[in-house]
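Shown here: target.csv, CSV, C-alpha atoms.
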chain,number,residue,atom,x,y,z
T,98,MET,CA,100.1,107.5,102.1
T,99,LYS,CA,99.0,104.5,104.2
T,100,THR,CA,95.5,103.7,105.3
T,101,LEU,CA,94.0,103.9,108.8
T,102,TYR,CA,91.0,101.7,109.2
T,103,PHE,CA,88.7,102.1,112.2
T,104,THR,CA,86.1,99.3,112.7
T,105,LEU,CA,83.3,101.0,114.7
T,106,GLN,CA,79.7,100.2,115.8
T,107,GLY,CA,77.9,100.8,119.1
T,108,LYS,CA,76.2,97.5,119.1
T,109,GLY,CA,78.1,94.5,120.4
T,110,GLY,CA,78.3,91.1,118.8
T,111,VAL,CA,77.7,92.3,115.2
T,112,GLY,CA,81.1,91.2,113.7
T,113,LYS,CA,83.5,94.0,114.3
T,114,THR,CA,86.4,91.8,115.3
T,115,LEU,CA,85.6,89.3,112.5
T,116,ILE,CA,85.7,92.2,109.9
T,117,SER,CA,89.0,93.5,111.4
T,118,SER,CA,90.6,90.1,111.3
T,119,TYR,CA,89.5,89.3,107.8
T,120,LEU,CA,90.8,92.7,106.7
T,121,GLN,CA,94.2,92.2,108.3
T,122,GLN,CA,94.5,88.8,106.8
T,123,TYR,CA,93.5,90.1,103.3
T,124,LEU,CA,96.0,93.0,103.5
T,125,LYS,CA,98.8,90.7,104.4
T,126,ASN,CA,97.8,88.3,101.6
T,127,ARG,CA,97.6,91.0,99.0
T,128,SER,CA,100.4,93.4,100.0
T,129,ASP,CA,104.1,93.2,99.4
T,130,LYS,CA,105.9,91.2,102.0
T,131,LYS,CA,107.8,94.3,103.1
T,132,SER,CA,104.5,96.2,103.8
T,133,LYS,CA,103.9,97.1,107.5
T,134,ILE,CA,100.4,96.2,108.7
T,135,MET,CA,99.4,96.4,112.4
T,136,GLY,CA,96.1,95.6,114.1
T,137,ILE,CA,95.2,97.4,117.3
T,138,ASP,CA,92.6,96.0,119.8
T,139,THR,CA,90.9,98.7,121.9
T,140,ASP,CA,88.2,96.4,123.4
T,141,PRO,CA,88.8,96.5,127.1
T,142,ASN,CA,86.4,93.6,127.9
T,143,ASN,CA,86.8,91.2,125.0
T,144,SER,CA,90.2,91.2,123.4
T,145,SER,CA,89.3,88.6,120.8
T,146,PHE,CA,91.2,90.4,118.1
T,147,THR,CA,94.4,90.1,120.2
T,148,GLY,CA,93.5,86.4,120.7
T,149,ILE,CA,94.3,85.6,117.0
T,150,LYS,CA,98.0,85.1,117.7
T,151,LYS,CA,99.0,84.8,114.0
T,152,LEU,CA,98.0,88.4,113.4
T,153,ASP,CA,100.2,89.8,116.2
T,154,VAL,CA,97.7,92.4,117.2
T,155,THR,CA,98.7,95.2,119.7
T,156,PHE,CA,96.4,95.5,122.7
T,157,LEU,CA,95.7,99.0,124.0
T,158,PRO,CA,95.0,99.1,127.8
T,159,LEU,CA,92.1,101.5,128.5
T,160,PHE,CA,91.2,100.8,132.1
T,161,ASP,CA,92.6,102.9,135.0
T,162,GLU,CA,93.3,101.7,138.5
T,163,ASN,CA,89.6,101.9,139.3
T,164,GLN,CA,88.7,99.7,136.3
T,165,GLN,CA,87.1,102.7,134.5
T,166,ILE,CA,87.9,103.6,130.9
T,167,ASN,CA,90.3,106.5,130.9
T,168,GLU,CA,90.1,108.4,127.5
T,169,ARG,CA,93.6,109.7,128.0
T,170,ASN,CA,94.9,106.2,127.3
T,171,PHE,CA,93.8,106.8,123.7
T,172,ASP,CA,96.7,109.3,123.6
T,173,ASN,CA,99.1,106.3,123.4
T,174,MET,CA,97.3,105.0,120.3
T,175,ILE,CA,97.6,108.4,118.5
T,176,GLU,CA,101.3,108.6,119.4
T,177,LEU,CA,101.7,105.1,117.9
T,178,LEU,CA,99.9,106.1,114.7
T,179,TYR,CA,101.7,109.4,114.3
T,180,ASN,CA,105.1,107.9,114.8
T,181,ASN,CA,104.5,105.0,112.3
T,182,GLN,CA,103.1,106.7,109.1
T,183,ASP,CA,104.7,104.0,107.0
T,184,THR,CA,102.2,101.4,108.5
T,185,THR,CA,98.7,100.4,107.6
T,186,PHE,CA,96.6,100.2,110.8
T,187,ILE,CA,93.4,98.3,111.5
T,188,ILE,CA,91.8,99.5,114.8
T,189,ASP,CA,89.1,97.2,116.3
T,190,ASN,CA,86.9,98.8,118.9
T,191,GLY,CA,84.5,97.2,121.2
T,192,ALA,CA,81.0,98.3,122.2
T,193,THR,CA,82.1,99.2,125.7
T,194,SER,CA,84.7,101.7,124.5
T,195,PHE,CA,82.6,102.9,121.5
T,196,LEU,CA,81.3,106.2,123.0
T,197,PRO,CA,84.6,107.0,124.8
T,198,LEU,CA,86.6,106.5,121.5
T,199,VAL,CA,84.1,108.4,119.4
T,200,ASN,CA,84.1,111.3,121.9
T,201,TYR,CA,87.9,111.3,122.1
T,202,LEU,CA,88.3,111.4,118.3
T,203,LYS,CA,85.7,114.2,118.0
T,204,GLU,CA,86.7,116.4,120.9
T,205,ASN,CA,90.4,116.3,120.1
T,206,ASN,CA,90.0,116.8,116.3
T,207,ILE,CA,91.9,113.6,115.8
T,208,MET,CA,90.6,113.0,112.3
T,209,GLU,CA,91.7,116.5,111.2
T,210,MET,CA,95.1,115.8,112.8
T,211,LEU,CA,95.6,112.5,110.9
T,212,GLU,CA,93.9,113.0,107.6
T,213,ASP,CA,97.0,114.5,106.0
T,214,LYS,CA,99.1,111.6,107.3
T,215,PHE,CA,96.8,108.7,106.4
T,216,LYS,CA,93.9,107.8,104.2
T,217,ILE,CA,91.1,107.3,106.7
T,218,VAL,CA,88.4,104.6,106.3
T,219,ILE,CA,85.7,103.9,108.9
T,220,GLN,CA,84.3,100.4,108.6
T,221,ILE,CA,80.8,100.0,109.9
T,222,PRO,CA,79.0,96.6,110.3
T,223,ILE,CA,75.3,96.4,110.0
T,224,THR,CA,73.3,93.2,110.6
T,225,GLY,CA,69.9,91.7,109.8
T,226,GLY,CA,67.6,90.4,112.5
T,227,GLN,CA,66.9,92.0,115.8
T,228,ALA,CA,69.9,94.3,115.7
T,229,GLN,CA,69.2,95.7,112.3
T,230,GLU,CA,67.7,99.0,113.5
T,231,ASP,CA,70.3,99.5,116.1
T,232,THR,CA,73.2,99.0,113.6
T,233,LEU,CA,71.5,101.2,111.0
T,234,ASN,CA,71.2,103.9,113.7
T,235,GLY,CA,74.9,103.4,114.6
T,236,MET,CA,75.8,103.8,110.9
T,237,ASP,CA,73.8,107.0,110.6
T,238,TYR,CA,75.4,108.4,113.9
T,239,LEU,CA,79.0,107.7,112.8
T,240,ILE,CA,78.7,109.1,109.3
T,241,GLU,CA,77.0,112.2,110.6
T,242,ILE,CA,79.8,112.8,113.1
T,243,PHE,CA,82.8,112.0,110.9
T,244,LYS,CA,81.7,112.7,107.3
T,245,GLY,CA,84.2,114.8,105.4
T,246,ASP,CA,86.0,115.1,102.1
T,247,LYS,CA,88.9,113.0,103.3
T,248,ILE,CA,87.1,110.3,105.2
T,249,ASN,CA,85.5,107.3,103.6
T,250,PHE,CA,83.1,104.7,104.9
T,251,ASN,CA,82.9,101.0,104.1
T,252,ILE,CA,79.6,99.3,105.1
T,253,TRP,CA,79.8,95.6,105.9
T,254,LYS,CA,76.5,93.8,105.6
T,255,ASN,CA,76.7,90.9,108.0
T,256,GLU,CA,73.9,88.4,107.2
T,257,TYR,CA,74.7,86.0,110.0
T,258,PHE,CA,71.5,86.9,111.8
T,259,GLY,CA,69.4,87.2,108.6
T,260,LYS,CA,69.1,89.3,105.5
T,261,ILE,CA,69.2,93.1,105.8
T,262,GLN,CA,65.8,94.1,104.5
T,263,THR,CA,62.5,95.9,105.3
T,264,LYS,CA,58.9,95.2,104.5
T,265,GLU,CA,59.3,97.7,101.7
T,266,THR,CA,62.6,96.5,100.1
T,267,LYS,CA,65.1,93.8,100.2
T,268,HIS,CA,67.8,96.1,98.8
T,269,PHE,CA,70.0,98.0,101.2
T,270,GLU,CA,70.8,100.5,98.4
T,271,LYS,CA,67.2,101.7,98.6
T,272,PHE,CA,67.2,102.2,102.4
T,273,GLU,CA,66.7,105.7,103.6
T,274,GLN,CA,69.9,105.6,105.6
T,275,TYR,CA,72.0,104.5,102.6
T,276,LEU,CA,70.5,107.1,100.2
T,277,LYS,CA,71.1,109.8,102.9
T,278,HIS,CA,74.8,109.0,103.1
T,279,LYS,CA,75.5,107.5,99.7
T,280,GLU,CA,78.1,110.1,98.7
T,281,HIS,CA,80.2,109.3,101.7
T,282,ILE,CA,80.0,105.5,101.4
T,283,ARG,CA,83.1,104.2,99.5
T,284,GLY,CA,82.1,100.5,99.4
T,285,LEU,CA,79.6,97.9,100.3
T,286,LEU,CA,80.8,94.5,101.4
T,287,THR,CA,78.8,91.4,102.4
T,288,LEU,CA,79.4,88.6,104.9
T,289,PRO,CA,76.9,86.3,103.3
T,290,GLN,CA,74.6,83.7,104.9
T,291,VAL,CA,76.1,80.2,104.6
T,292,ASN,CA,74.9,76.7,105.0
T,293,GLU,CA,74.8,76.2,108.8
T,294,GLN,CA,75.6,72.5,108.7
T,295,THR,CA,78.7,72.8,106.5
T,296,TYR,CA,80.3,76.3,106.1
T,297,GLY,CA,78.7,77.5,109.3
T,298,VAL,CA,80.3,74.8,111.4
T,299,ASP,CA,83.6,75.1,109.7
T,300,LEU,CA,83.8,78.9,110.2
T,301,GLU,CA,82.8,78.6,113.8
T,302,LYS,CA,85.4,75.9,114.4
T,303,MET,CA,88.1,78.2,112.9
T,304,HIS,CA,87.0,81.3,114.8
T,305,LYS,CA,86.8,79.5,118.2
T,306,ALA,CA,90.3,78.2,117.6
T,307,LYS,CA,91.4,81.8,116.8
T,308,LEU,CA,93.1,80.7,113.6
T,309,THR,CA,93.6,82.5,110.3
T,310,PHE,CA,92.6,81.1,106.9
T,311,GLU,CA,96.3,80.5,106.1
T,312,GLU,CA,96.8,78.4,109.2
T,313,ILE,CA,94.0,76.0,108.4
T,314,ASP,CA,95.8,74.3,105.5
T,315,GLN,CA,98.5,72.7,107.7
T,316,ASN,CA,96.2,72.1,110.7
T,317,GLU,CA,95.6,68.4,111.4
T,318,ASN,CA,92.4,69.2,113.3
T,319,PHE,CA,90.6,70.1,110.1
T,320,THR,CA,89.4,67.5,107.6
T,321,LEU,CA,90.0,67.7,103.9
T,322,MET,CA,86.5,69.0,103.2
T,323,GLU,CA,86.6,71.5,106.0
T,324,LYS,CA,89.8,72.9,104.5
T,325,GLN,CA,88.3,72.9,101.1
T,326,ARG,CA,85.2,74.8,102.2
T,327,LEU,CA,87.2,77.4,104.2
T,328,LYS,CA,89.5,78.0,101.2
T,329,THR,CA,86.4,78.5,99.0
T,330,TYR,CA,84.9,81.0,101.5
T,331,GLN,CA,88.3,82.8,101.8
T,332,ASN,CA,88.5,83.2,98.1
T,333,LYS,CA,85.0,84.5,97.9
T,334,ILE,CA,85.6,87.1,100.6
T,335,TYR,CA,88.9,88.2,99.2
T,336,SER,CA,87.5,88.5,95.7
T,337,MET,CA,84.8,90.8,97.1
T,338,MET,CA,87.4,92.9,99.0
T,339,ASP,CA,89.5,93.2,95.8
T,340,THR,CA,86.7,95.5,94.5
T,341,VAL,CA,86.7,97.8,97.5
T,342,ILE,CA,89.9,97.7,99.5
T,343,GLU,CA,92.9,99.7,98.2
T,344,ILE,CA,96.3,98.2,98.6
T,345,ALA,CA,99.0,100.7,99.4
Kindly present the structure from the file in C-alpha cells form.
Amino acid sequence: MKTLYFTLQGKGGVGKTLISSYLQQYLKNRSDKKSKIMGIDTDPNNSSFTGIKKLDVTFLPLFDENQQINERNFDNMIELLYNNQDTTFIIDNGATSFLPLVNYLKENNIMEMLEDKFKIVIQIPITGGQAQEDTLNGMDYLIEIFKGDKINFNIWKNEYFGKIQTKETKHFEKFEQYLKHKEHIRGLLTLPQVNEQTYGVDLEKMHKAKLTFEEIDQNENFTLMEKQRLKTYQNKIYSMMDTVIEIA
C-alpha cells in the first residue's frame, strides 16, 4: 500500500511548498528507482511547487471561468489518485484553497474512500514568531476534523521565523495542543534555524532558482562552499526524515 501525503495549513507563507518539495526529493532519493512518486500542486495563486521543474509536479486547475475556485475540480484529483494506487502522492495545497479542499475532503468522505487504498499522512507546518498561534490553531483544526485510526499526522516545526515556544515552555512536546493530539501525531520534524549569512543565503539562492538539492552539485552558479553547505543541510534534513518517513 502506497502513501498519500497531504501538506495542509490555513496560514500562508509557513513552508508548505518547501516541506512538500523536500519530501518529494527525499522519497526519490531513498526509494527504488522504479517507484512511482508524484507531486500535485493545488495552489491556484502560487504554483511554486510546480515551478520546481526537476520534480515534474502535476498542476491541478481549480478556477472556473469566473476565476472562482470550483470544488468539483477536486474530483479530477481523486480520480487520479484512485486510478494510480501504485503511486506515492505528495499533495501541496495553498492557503487560498485550504478551506475549499478541507470542506471537499470532509463533505465527500474522501478519507474514508481512500484509507483502504493508501496510507494517509497529513503534514502540518507550524512556525515560531507572529504566525505561531495561527499555525497551532490550524494544526488543532485539522487534527480534530480528520483524526482517525487510519490517518497519521506529521508536524513540521519551521523555525525560520523563530523558535516555537511560549513564556511557560520552550518544548513543543509540552504544549497543550500537542498533548491534546499526541496519540494521533506520528512524527515531529524540524526545519531548524540556520546562520543567515551562510546557510540562509545559500538556501534562499537555491529556492529562488527553483532547484533541487541534487541539481546543485553540477550547477556552475554555486560556489564550492555553497555546494558544501547545501549538501550538509540536505544530509541533516534527510537523516531526520529517515526516523519518521516510511519508504514503501
At a cut-off of 9 Å, can you tabulate as JSON lines every residue of stretch 154-242 of chain T near stretch 246-269 of chain T together with its closest atom pair and the distance in Å to one decimal, using only C-alpha atoms and ordering rows by chain then number?
{"residue": "T:Met208", "atom": "CA", "partner": "T:Ile248", "partner_atom": "CA", "distance": 8.4}
{"residue": "T:Glu212", "atom": "CA", "partner": "T:Lys247", "partner_atom": "CA", "distance": 6.6}
{"residue": "T:Asp213", "atom": "CA", "partner": "T:Lys247", "partner_atom": "CA", "distance": 8.7}
{"residue": "T:Lys216", "atom": "CA", "partner": "T:Lys247", "partner_atom": "CA", "distance": 7.3}
{"residue": "T:Ile217", "atom": "CA", "partner": "T:Ile248", "partner_atom": "CA", "distance": 5.2}
{"residue": "T:Val218", "atom": "CA", "partner": "T:Asn249", "partner_atom": "CA", "distance": 4.8}
{"residue": "T:Ile219", "atom": "CA", "partner": "T:Phe250", "partner_atom": "CA", "distance": 4.8}
{"residue": "T:Gln220", "atom": "CA", "partner": "T:Asn251", "partner_atom": "CA", "distance": 4.8}
{"residue": "T:Ile221", "atom": "CA", "partner": "T:Ile252", "partner_atom": "CA", "distance": 5.0}
{"residue": "T:Pro222", "atom": "CA", "partner": "T:Trp253", "partner_atom": "CA", "distance": 4.6}
{"residue": "T:Ile223", "atom": "CA", "partner": "T:Lys254", "partner_atom": "CA", "distance": 5.2}
{"residue": "T:Thr224", "atom": "CA", "partner": "T:Asn255", "partner_atom": "CA", "distance": 4.9}
{"residue": "T:Gly225", "atom": "CA", "partner": "T:Ile261", "partner_atom": "CA", "distance": 4.3}
{"residue": "T:Gly226", "atom": "CA", "partner": "T:Phe258", "partner_atom": "CA", "distance": 5.3}
{"residue": "T:Gln227", "atom": "CA", "partner": "T:Phe258", "partner_atom": "CA", "distance": 7.9}
{"residue": "T:Ala228", "atom": "CA", "partner": "T:Phe258", "partner_atom": "CA", "distance": 8.5}
{"residue": "T:Gln229", "atom": "CA", "partner": "T:Ile261", "partner_atom": "CA", "distance": 7.0}
{"residue": "T:Met236", "atom": "CA", "partner": "T:Ile252", "partner_atom": "CA", "distance": 8.3}
{"residue": "T:Ile240", "atom": "CA", "partner": "T:Phe250", "partner_atom": "CA", "distance": 7.6}
Residues of stretch 149-186 of chain T within 10 Å of stretch 101-104 of chain T: nearest atom pair and distance (Å, one decimal) for each, counting only C-alpha atoms, sorted by chain and number, as a Markdown table?
| residue | atom | partner | partner_atom | distance |
| --- | --- | --- | --- | --- |
| T:Leu178 | CA | T:Leu101 | CA | 8.6 |
| T:Gln182 | CA | T:Leu101 | CA | 9.5 |
| T:Thr184 | CA | T:Leu101 | CA | 8.6 |
| T:Thr185 | CA | T:Leu101 | CA | 6.0 |
| T:Phe186 | CA | T:Leu101 | CA | 4.9 |
Report as JSON lines: every residue of stretch 147-188 of chain T with an atom at most 12 Å from stretch 196-202 of chain T, its closest pair of atoms, and their distance in Å to one decimal, counting only C-alpha atoms, with rows sorted by chain and ascending residue number.
{"residue": "T:Leu159", "atom": "CA", "partner": "T:Pro197", "partner_atom": "CA", "distance": 10.0}
{"residue": "T:Phe160", "atom": "CA", "partner": "T:Pro197", "partner_atom": "CA", "distance": 11.6}
{"residue": "T:Gln165", "atom": "CA", "partner": "T:Pro197", "partner_atom": "CA", "distance": 10.9}
{"residue": "T:Ile166", "atom": "CA", "partner": "T:Pro197", "partner_atom": "CA", "distance": 7.7}
{"residue": "T:Asn167", "atom": "CA", "partner": "T:Pro197", "partner_atom": "CA", "distance": 8.4}
{"residue": "T:Glu168", "atom": "CA", "partner": "T:Pro197", "partner_atom": "CA", "distance": 6.3}
{"residue": "T:Arg169", "atom": "CA", "partner": "T:Tyr201", "partner_atom": "CA", "distance": 8.4}
{"residue": "T:Asn170", "atom": "CA", "partner": "T:Tyr201", "partner_atom": "CA", "distance": 10.1}
{"residue": "T:Phe171", "atom": "CA", "partner": "T:Leu198", "partner_atom": "CA", "distance": 7.5}
{"residue": "T:Asp172", "atom": "CA", "partner": "T:Tyr201", "partner_atom": "CA", "distance": 9.1}
{"residue": "T:Met174", "atom": "CA", "partner": "T:Leu198", "partner_atom": "CA", "distance": 10.9}
{"residue": "T:Ile175", "atom": "CA", "partner": "T:Leu202", "partner_atom": "CA", "distance": 9.8}
{"residue": "T:Ile188", "atom": "CA", "partner": "T:Leu198", "partner_atom": "CA", "distance": 11.0}
Nearest candidate to T:Met322 (options T:Asp339, T:Tyr296, T:Asp161, T:Gly110; using all atoms listed in the file): T:Tyr296
Within 9 Å of stretch 136-151 of chain T using only C-alpha atoms, minus same-chain residues under 3 positions, as JSON, numbers by chain: {"T": [114, 115, 117, 118, 121, 154, 155, 156, 157, 158, 159, 160, 166, 171, 174, 185, 186, 187, 188, 189, 190, 191, 192, 193, 194, 195, 198, 304, 306, 307, 308, 309, 312]}
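Shortest separation to T:Met338 among T:Leu124, T:Ile134, T:Met303, T:Leu239 occurs at residue T:Leu124, atoms counted being only C-alpha atoms.
Residue nearest T:Asp299, chosen from T:Gln325, T:Asn173, T:Thr287, T:Gln106 and counting all atoms listed in the file: T:Gln325.
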Atom CA of T:Tyr179 to atom CA of T:Gly107, straight-line distance in Å: 25.8 Å
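Residues within 9 Å of T:Gln122, counting all atoms listed in the file and excluding same-chain residues fewer than 6 positions away, are Leu152, Thr309, Phe310 and Glu311 of chain T.
When all atoms listed in the file are used to compute distances to T:Lys214, the closest of the residues T:Thr100, T:Thr329, T:Ser132, T:Thr232 turns out to be T:Thr100.
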For T:Asp231, the nearest of the candidates T:Lys271, T:Asn126, T:Asp153, T:Lys108, counting all atoms listed in the file: T:Lys108
Atomic separation - atom CA of T:Val341 relative to atom CA of T:Gly284, Å: 5.7 Å
Counting only C-alpha atoms, the option among T:Met135, T:Tyr123, T:Glu273, T:Gly245 closest to T:Leu233: T:Glu273
Computed interatomic separation between atom CA of T:Lys203 and atom CA of T:Gly235 (Å): 15.6 Å
